[in-house]
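Participant: Have a look at this one.
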Amino acid sequence: MAAQRRTLMQSHQSWTDDLPLCQLCGVGSAPNCVYGPDGKGSQSHPNEDGHFRFSTECCFLYGVFNGYDGSRVANFVSQCLTAELLLGQLSSSHTDADVRRILSQAFDVVEKSYFETIDDALAEKANLQTQLPEGVFLTAQTQKISERLKTLEQEVSGGATAIVALILNNKLYIANVGTNRALLCKTSTDGQNQVIQIGQTHTTDNDDELSRLAQLGLDPVRLRQVGLISGQSSTRRIGDYKVKFNYTDIDVLSAAKNKPIIAEPEIHGGQSLEGVGGFLLLMSEGLIKALESAHGPEQVNQEIVAMVAAELVLQSSLEAAAQSVVERVKRLHHDAYVSGRQRVPHCARHEDMTLLVRVINYTLADSLLTPTQGGRIYPVSVPYSNHQSTSKTSVTLSLVMPSTGTLTNGSNTASTLEGDTPTAGQSPTATLQSTNTHTQSSSSSSGDGSLFRQRGSQAAQPDETGRVPPYVDFTQFYRLWGTDYGDGQGLPAELGPQ
């Protein structure tokens, strides 16, 4: 097995290119961006995120990786981790304990394998450092050594955080190292949409991580004050030789009795997906931070889920839905920067963003309705709330205005998560309500469809100007909007379209 793994990893062509991609998920991404004084953005470094999404006869495997100081580690992890999990290690006969053990061992092997690939460069670097003379006098030889040291540093520096999802025997397992995030949105039998954050990010804001580091002899108060450790917020990461081998040279880590920054994953599962409908989201830290910077951290999970639910209605494919959500977050971040409002100091830049959307028993239509099929699609947008005190987040709904016949939902509207398809005159609603807990962030959504008037079989006939009578009743929206942003009394019903 070890020889097979080395052969695969030394190949110039990625062996994972031959693995079948999962058709039940889509991935969206956007590169990092730094804004200038005029609001125009530019990319500050090559993209460092990575991901995979594979389907085998045995299981489904997904991952999102957030690299830093280069993409070398993220690329290595995405390939090597796949080799450690999809070359016969997993079987349908394995118990939950077996799967968790295999996932943990895979991360351990991946990190050890990565450091083996840079052993020679680290040894050469250490040897050259001993040859540099003391003082500031530069010669041709010392300049040559300095240039070589810079090259070696670029080769060995950097690390990555990772979030991996495995579906085996219709059970979900999540393995997390660092600051990426997994959200599971599922519909209960009573029609409530529950959003669950699986696990916590590994930072100094995590009390469990602070407790772990305190047991190693580190000062938790100081760690929380410092926040960043060697330039990164994660307390668990893959690679990054400086914090793994030279942590005694880092002031805030120097008192540790053992290696404080680790690559051991936090593993959750298996969680049964029997009877579950909805979708799973894997998000890189860059996507999370961009939305937090624009709107604050309080409702990020709810906003992302609302956006995904809306785009699954509007878009013709999972790939397009995921990409549209990323583009929307990117636009919100940019708009917050150019607005001149209070969030501006937080929005001067954002890192690479990656979103993986995996549907679970979530039926999608084959294609969007086109004009030749008898209608046009009119998006009806309701702003996502970024007010910190509100627990409601509205989404964009897609309606189709037929040229003849009845008013129907867009053909790409997904069926409800319980398997019922919306009928004519019914429309999905997606108002999310936050019910956060200590260990898991969750929210629910429900709606009675009262936002839309029932028209039965009555056709929507245009007038002489080509317009149709109002067909959406925003009374409910205006009341909620007034409750959140007004004096708590809502707005008069007559302000909405009649």
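We name chains A, B, ... following the order of the structure tokens; residues begin at 1 in each chain, and ligands are numbered from 1 as shown.
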So which residues touch His295 of chain A within 12 Å, counting only C-alpha atoms, skipping near sequence neighbours fewer than 2 positions away, as a PyMOL selection string?
Facilitator: chain A and resi 288-293+297-304+329+332-337+341-344+346-347+384-389
Participant: As a list in words, please: all residues of segment 102-225 of chain A that backbone DSSP puts in strand (DSSP E).
Facilitator: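 The strand (DSSP E) subset of segment 102-225 of chain A is Gly159, Ala160, Thr161, Ala162, Ile163, Val164, Ala165, Leu166, Ile167, Leu168, Lys171, Leu172, Tyr173, Ile174, Ala175, Asn176, Val177, Arg181, Ala182, Leu183, Leu184, Cys185, Lys186, Thr187, Asn193, Gln194, Val195, Ile196 and Gln197 of chain A.
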Participant: So how many Å separate atom CA of Ala263 of chain A and atom CA of Ser92 of chain A, to one decimal?
Facilitator: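 Computed distance, atom CA of Ala263 of chain A to atom CA of Ser92 of chain A, equals 26.6 Å.
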Participant: Go ahead and compute the interatomic distance for atom CA of Leu287 of chain A and atom CA of Asp49 of chain A, in Å to one decimal.
Facilitator: 10.9 Å
Participant: Between atom CA of Tyr241 of chain A and atom CA of Gly159 of chain A, what is the distance in Å, rounded to a tenth?
Facilitator: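 Calculated distance between atom CA of Tyr241 of chain A and atom CA of Gly159 of chain A is 8.2 Å.
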Participant: Per residue of segment 166-282 of chain A within 8 Å of segment 58-75 of chain A, what are the shortest atom pair and its distance in Å to one decimal, counting only C-alpha atoms, with rows by chain and residue number, as a Markdown table?
Facilitator:
| residue | atom | partner | partner_atom | distance |
| --- | --- | --- | --- | --- |
| A:Leu166 | CA | A:Leu61 | CA | 4.7 |
| A:Ile167 | CA | A:Phe60 | CA | 5.1 |
| A:Leu168 | CA | A:Cys59 | CA | 4.9 |
| A:Asn169 | CA | A:Cys59 | CA | 7.4 |
| A:Asn180 | CA | A:Asn66 | CA | 7.4 |
| A:Ile238 | CA | A:Val73 | CA | 7.6 |
| A:Gly239 | CA | A:Val73 | CA | 6.6 |
| A:Leu282 | CA | A:Val64 | CA | 6.5 |
Participant: Atoms to include: all heavy atoms. Write the selected residues as an mmCIF file, in the first residue's frame.
Facilitator:
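Just written: again-v2.cif:
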data_model
loop_
_atom_site.group_PDB
_atom_site.id
_atom_site.type_symbol
_atom_site.label_atom_id
_atom_site.label_comp_id
_atom_site.auth_asym_id
_atom_site.auth_seq_id
_atom_site.Cartn_x
_atom_site.Cartn_y
_atom_site.Cartn_z
ATOM 1 N N LEU A 166 -17.873 12.531 4.545
ATOM 2 C CA LEU A 166 -17.947 11.171 4.016
ATOM 3 C C LEU A 166 -19.368 10.644 4.216
ATOM 4 O O LEU A 166 -19.921 10.761 5.318
ATOM 5 C CB LEU A 166 -16.944 10.271 4.754
ATOM 6 C CG LEU A 166 -17.065 8.762 4.500
ATOM 7 C CD1 LEU A 166 -16.656 8.415 3.070
ATOM 8 C CD2 LEU A 166 -16.220 7.982 5.503
ATOM 9 N N ILE A 167 -19.954 10.099 3.160
ATOM 10 C CA ILE A 167 -21.252 9.443 3.263
ATOM 11 C C ILE A 167 -21.044 7.971 2.957
ATOM 12 O O ILE A 167 -20.674 7.593 1.840
ATOM 13 C CB ILE A 167 -22.287 10.061 2.310
ATOM 14 C CG1 ILE A 167 -22.525 11.530 2.667
ATOM 15 C CG2 ILE A 167 -23.601 9.290 2.382
ATOM 16 C CD1 ILE A 167 -23.510 12.231 1.750
ATOM 17 N N LEU A 168 -21.250 7.138 3.965
ATOM 18 C CA LEU A 168 -21.052 5.698 3.866
ATOM 19 C C LEU A 168 -22.226 5.014 4.553
ATOM 20 O O LEU A 168 -22.577 5.363 5.688
ATOM 21 C CB LEU A 168 -19.730 5.299 4.534
ATOM 22 C CG LEU A 168 -19.413 3.804 4.600
ATOM 23 C CD1 LEU A 168 -19.138 3.257 3.200
ATOM 24 C CD2 LEU A 168 -18.204 3.552 5.513
ATOM 25 N N ASN A 169 -22.831 4.034 3.895
ATOM 26 C CA ASN A 169 -23.997 3.340 4.449
ATOM 27 C C ASN A 169 -25.113 4.323 4.802
ATOM 28 O O ASN A 169 -25.799 4.154 5.817
ATOM 29 C CB ASN A 169 -23.606 2.531 5.686
ATOM 30 C CG ASN A 169 -22.672 1.376 5.357
ATOM 31 O OD1 ASN A 169 -22.716 0.838 4.252
ATOM 32 N ND2 ASN A 169 -21.839 1.004 6.309
ATOM 33 N N ASN A 180 -12.591 25.909 8.510
ATOM 34 C CA ASN A 180 -13.660 25.771 7.536
ATOM 35 C C ASN A 180 -14.934 25.338 8.264
ATOM 36 O O ASN A 180 -14.917 25.112 9.472
ATOM 37 C CB ASN A 180 -13.259 24.771 6.453
ATOM 38 C CG ASN A 180 -11.972 25.174 5.758
ATOM 39 O OD1 ASN A 180 -11.811 26.313 5.339
ATOM 40 N ND2 ASN A 180 -11.033 24.245 5.657
ATOM 41 N N ILE A 238 -2.798 21.561 8.883
ATOM 42 C CA ILE A 238 -1.939 20.554 8.269
ATOM 43 C C ILE A 238 -0.737 21.260 7.662
ATOM 44 O O ILE A 238 -0.868 22.284 7.006
ATOM 45 C CB ILE A 238 -2.703 19.770 7.184
ATOM 46 C CG1 ILE A 238 -3.953 19.131 7.787
ATOM 47 C CG2 ILE A 238 -1.814 18.698 6.564
ATOM 48 C CD1 ILE A 238 -4.877 18.513 6.753
ATOM 49 N N GLY A 239 0.450 20.686 7.883
ATOM 50 C CA GLY A 239 1.671 21.312 7.392
ATOM 51 C C GLY A 239 2.127 22.416 8.323
ATOM 52 O O GLY A 239 2.003 22.311 9.543
ATOM 53 N N LEU A 282 -20.259 22.659 2.548
ATOM 54 C CA LEU A 282 -18.878 22.764 3.031
ATOM 55 C C LEU A 282 -18.340 24.102 2.551
ATOM 56 O O LEU A 282 -18.375 24.398 1.353
ATOM 57 C CB LEU A 282 -18.017 21.615 2.496
ATOM 58 C CG LEU A 282 -18.434 20.184 2.851
ATOM 59 C CD1 LEU A 282 -17.399 19.188 2.321
ATOM 60 C CD2 LEU A 282 -18.629 20.007 4.349
#
Participant: Go through A:His268, A:Lys150, A:Lys112, A:Lys257 one by one, measure the shortest atom-to-atom distance of each to Gln129 of chain A using only C-alpha atoms, and give the residue with the smallest value.
Facilitator: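 The closest residue to Gln129 of chain A is A:Lys150.
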Participant: Name the residues in contact with Ala256 of chain A at a cut-off of 12 Å, using only C-alpha atoms, excluding same-chain residues fewer than 6 positions from it; report them as a list in words.
Facilitator: Arg212, Leu213, Ala214, Gln215, Leu216, Gly217, Leu218, Asp219, Pro220, Val243, Lys244, Asn246, Tyr247, Thr248, Asp249 and Ile250 of chain A
Participant: What does the file look like for those residues with N, CA and C atoms, as a PDB file, in the first residue's frame?
Facilitator:
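Saved to part.pdb:
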ATOM      1  N   ARG A 212      -7.522  22.641  25.760  1.00  0.00           N
ATOM      2  CA  ARG A 212      -6.485  21.715  25.279  1.00  0.00           C
ATOM      3  C   ARG A 212      -5.104  22.355  25.353  1.00  0.00           C
ATOM      4  N   LEU A 213      -5.004  23.599  24.917  1.00  0.00           N
ATOM      5  CA  LEU A 213      -3.716  24.298  24.928  1.00  0.00           C
ATOM      6  C   LEU A 213      -3.270  24.619  26.347  1.00  0.00           C
ATOM      7  N   ALA A 214      -4.227  24.908  27.223  1.00  0.00           N
ATOM      8  CA  ALA A 214      -3.876  25.191  28.620  1.00  0.00           C
ATOM      9  C   ALA A 214      -3.275  23.961  29.293  1.00  0.00           C
ATOM     10  N   GLN A 215      -3.757  22.769  28.932  1.00  0.00           N
ATOM     11  CA  GLN A 215      -3.211  21.537  29.497  1.00  0.00           C
ATOM     12  C   GLN A 215      -1.767  21.300  29.068  1.00  0.00           C
ATOM     13  N   LEU A 216      -1.365  21.960  27.984  1.00  0.00           N
ATOM     14  CA  LEU A 216       0.028  21.861  27.524  1.00  0.00           C
ATOM     15  C   LEU A 216       0.920  22.910  28.171  1.00  0.00           C
ATOM     16  N   GLY A 217       0.350  23.747  29.051  1.00  0.00           N
ATOM     17  CA  GLY A 217       1.139  24.742  29.761  1.00  0.00           C
ATOM     18  C   GLY A 217       1.078  26.139  29.190  1.00  0.00           C
ATOM     19  N   LEU A 218       0.172  26.369  28.233  1.00  0.00           N
ATOM     20  CA  LEU A 218       0.071  27.696  27.630  1.00  0.00           C
ATOM     21  C   LEU A 218      -0.965  28.539  28.374  1.00  0.00           C
ATOM     22  N   ASP A 219      -0.817  29.851  28.256  1.00  0.00           N
ATOM     23  CA  ASP A 219      -1.697  30.793  28.935  1.00  0.00           C
ATOM     24  C   ASP A 219      -2.924  31.059  28.057  1.00  0.00           C
ATOM     25  N   PRO A 220      -4.123  30.586  28.455  1.00  0.00           N
ATOM     26  CA  PRO A 220      -5.304  30.770  27.601  1.00  0.00           C
ATOM     27  C   PRO A 220      -5.713  32.226  27.449  1.00  0.00           C
ATOM     28  N   VAL A 243       5.287  26.088  12.995  1.00  0.00           N
ATOM     29  CA  VAL A 243       4.563  25.893  14.252  1.00  0.00           C
ATOM     30  C   VAL A 243       4.606  24.438  14.707  1.00  0.00           C
ATOM     31  N   LYS A 244       4.999  23.514  13.828  1.00  0.00           N
ATOM     32  CA  LYS A 244       5.079  22.108  14.216  1.00  0.00           C
ATOM     33  C   LYS A 244       6.450  21.749  14.788  1.00  0.00           C
ATOM     34  N   ASN A 246       9.224  24.249  15.116  1.00  0.00           N
ATOM     35  CA  ASN A 246       9.937  25.367  15.749  1.00  0.00           C
ATOM     36  C   ASN A 246       9.031  26.177  16.677  1.00  0.00           C
ATOM     37  N   TYR A 247       8.045  25.517  17.284  1.00  0.00           N
ATOM     38  CA  TYR A 247       7.095  26.267  18.121  1.00  0.00           C
ATOM     39  C   TYR A 247       7.747  26.871  19.355  1.00  0.00           C
ATOM     40  N   THR A 248       8.867  26.301  19.790  1.00  0.00           N
ATOM     41  CA  THR A 248       9.549  26.881  20.955  1.00  0.00           C
ATOM     42  C   THR A 248      10.156  28.241  20.638  1.00  0.00           C
ATOM     43  N   ASP A 249      10.302  28.556  19.349  1.00  0.00           N
ATOM     44  CA  ASP A 249      10.816  29.868  18.953  1.00  0.00           C
ATOM     45  C   ASP A 249       9.706  30.904  18.811  1.00  0.00           C
ATOM     46  N   ILE A 250       8.451  30.464  18.934  1.00  0.00           N
ATOM     47  CA  ILE A 250       7.304  31.371  18.845  1.00  0.00           C
ATOM     48  C   ILE A 250       6.880  31.741  20.259  1.00  0.00           C
TER      49      ILE A 250
END
Participant: Using only C-alpha atoms, which of the listed residues (A:Asp108, A:Asp17, A:Asp119, A:Glu351) sits closest to Phe245 of chain A?
Facilitator: A:Asp119
Participant: Please return as a count of residues only: the residues of segment 105-258 of chain A that backbone DSSP assigns to alpha helix (DSSP H).
Facilitator: 64
Participant: Tell me, as a ChimeraX atom specification, which residues lie within 10 Å of Glu111 of chain A, counting only C-alpha atoms; anything in the same chain fewer than 4 positions away does not count.
Facilitator: /A:73,76-77,80-81,106-107,115-116,237-240,262-264
Participant: Got time to write the residues from that selection, C-alpha atoms, as a PDB file, in the first residue's frame?
Facilitator:
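Writing the result to selection-v8.pdb gives the following:
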ATOM      1  CA  VAL A  73      -0.164  21.891   1.033  1.00  0.00           C
ATOM      2  CA  PHE A  76      -1.059  17.682  -1.573  1.00  0.00           C
ATOM      3  CA  VAL A  77      -3.726  17.050   1.053  1.00  0.00           C
ATOM      4  CA  CYS A  80      -3.053  12.176  -0.535  1.00  0.00           C
ATOM      5  CA  LEU A  81      -6.179  12.174   1.621  1.00  0.00           C
ATOM      6  CA  ALA A 106      -5.794   9.224   7.173  1.00  0.00           C
ATOM      7  CA  PHE A 107      -5.129  12.764   8.425  1.00  0.00           C
ATOM      8  CA  PHE A 115       6.696  16.485   5.823  1.00  0.00           C
ATOM      9  CA  GLU A 116       8.533  13.568   4.179  1.00  0.00           C
ATOM     10  CA  ARG A 237      -3.736  22.882  10.673  1.00  0.00           C
ATOM     11  CA  ILE A 238      -1.939  20.554   8.269  1.00  0.00           C
ATOM     12  CA  GLY A 239       1.671  21.312   7.392  1.00  0.00           C
ATOM     13  CA  ASP A 240       3.224  24.638   8.505  1.00  0.00           C
ATOM     14  CA  ILE A 262      -1.906  19.750  15.600  1.00  0.00           C
ATOM     15  CA  ALA A 263      -3.502  18.140  12.541  1.00  0.00           C
ATOM     16  CA  GLU A 264      -5.780  15.797  14.485  1.00  0.00           C
TER      17      GLU A 264
END
Participant: Any idea what's packed within 10 Å of Ile229 of chain A, counting only C-alpha atoms, ignoring anything in its chain fewer than 4 positions away? Could you give it as an MDAnalysis selection string?
Facilitator: chainID A and resid 203:204 223 233:235 243 250:253 261
Participant: Filtering to N, CA, C and O atoms, could you give me those residues as a compact mmCIF listing (two decimals), in the first residue's frame?
Facilitator:
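So result-v6.txt came out as:
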# COMPACT_ATOMS: atom_id res chain seq x y z
N THR A 203 -10.09 27.68 16.79
CA THR A 203 -9.41 28.96 16.99
C THR A 203 -9.31 29.21 18.49
O THR A 203 -9.82 28.43 19.30
N THR A 204 -8.70 30.32 18.85
CA THR A 204 -8.58 30.66 20.27
C THR A 204 -9.89 31.19 20.83
O THR A 204 -9.98 31.48 22.02
N LEU A 223 -3.44 33.69 24.86
CA LEU A 223 -3.77 33.14 23.54
C LEU A 223 -4.99 33.82 22.96
O LEU A 223 -5.03 34.16 21.77
N SER A 233 -5.33 32.12 12.29
CA SER A 233 -6.22 32.02 13.44
C SER A 233 -6.44 30.58 13.88
O SER A 233 -6.92 30.34 14.99
N SER A 234 -6.09 29.61 13.05
CA SER A 234 -6.39 28.21 13.35
C SER A 234 -5.42 27.64 14.37
O SER A 234 -4.21 27.88 14.33
N THR A 235 -5.95 26.85 15.29
CA THR A 235 -5.13 26.14 16.27
C THR A 235 -4.90 24.69 15.85
O THR A 235 -4.21 23.95 16.54
N VAL A 243 5.29 26.09 12.99
CA VAL A 243 4.56 25.89 14.25
C VAL A 243 4.61 24.44 14.71
O VAL A 243 4.30 24.15 15.87
N ILE A 250 8.45 30.46 18.93
CA ILE A 250 7.30 31.37 18.85
C ILE A 250 6.88 31.74 20.26
O ILE A 250 6.52 30.87 21.06
N ASP A 251 6.93 33.00 20.58
CA ASP A 251 6.76 33.47 21.96
C ASP A 251 5.52 32.90 22.64
O ASP A 251 5.58 32.36 23.73
N VAL A 252 4.38 33.01 21.99
CA VAL A 252 3.13 32.62 22.62
C VAL A 252 3.01 31.10 22.79
O VAL A 252 2.21 30.61 23.59
N LEU A 253 3.83 30.33 22.05
CA LEU A 253 3.81 28.86 22.12
C LEU A 253 5.01 28.27 22.84
O LEU A 253 5.06 27.06 23.07
N ILE A 261 0.10 23.00 18.08
CA ILE A 261 -0.69 23.11 16.85
C ILE A 261 -0.67 21.75 16.17
O ILE A 261 0.39 21.26 15.78
Participant: Quick one: residues within 12 Å of Ala126 of chain A, only C-alpha atoms counted, chain neighbours fewer than 4 positions away excluded, as a list of chain:residue names?
Facilitator: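 After dropping sequence-adjacent residues, the list is A:Asp119, A:Asp120, A:Ala121, A:Leu122, A:Thr130, A:Gln131, A:Leu132, A:Ile145, A:Arg148, A:Leu149, A:Leu152, A:Glu153.
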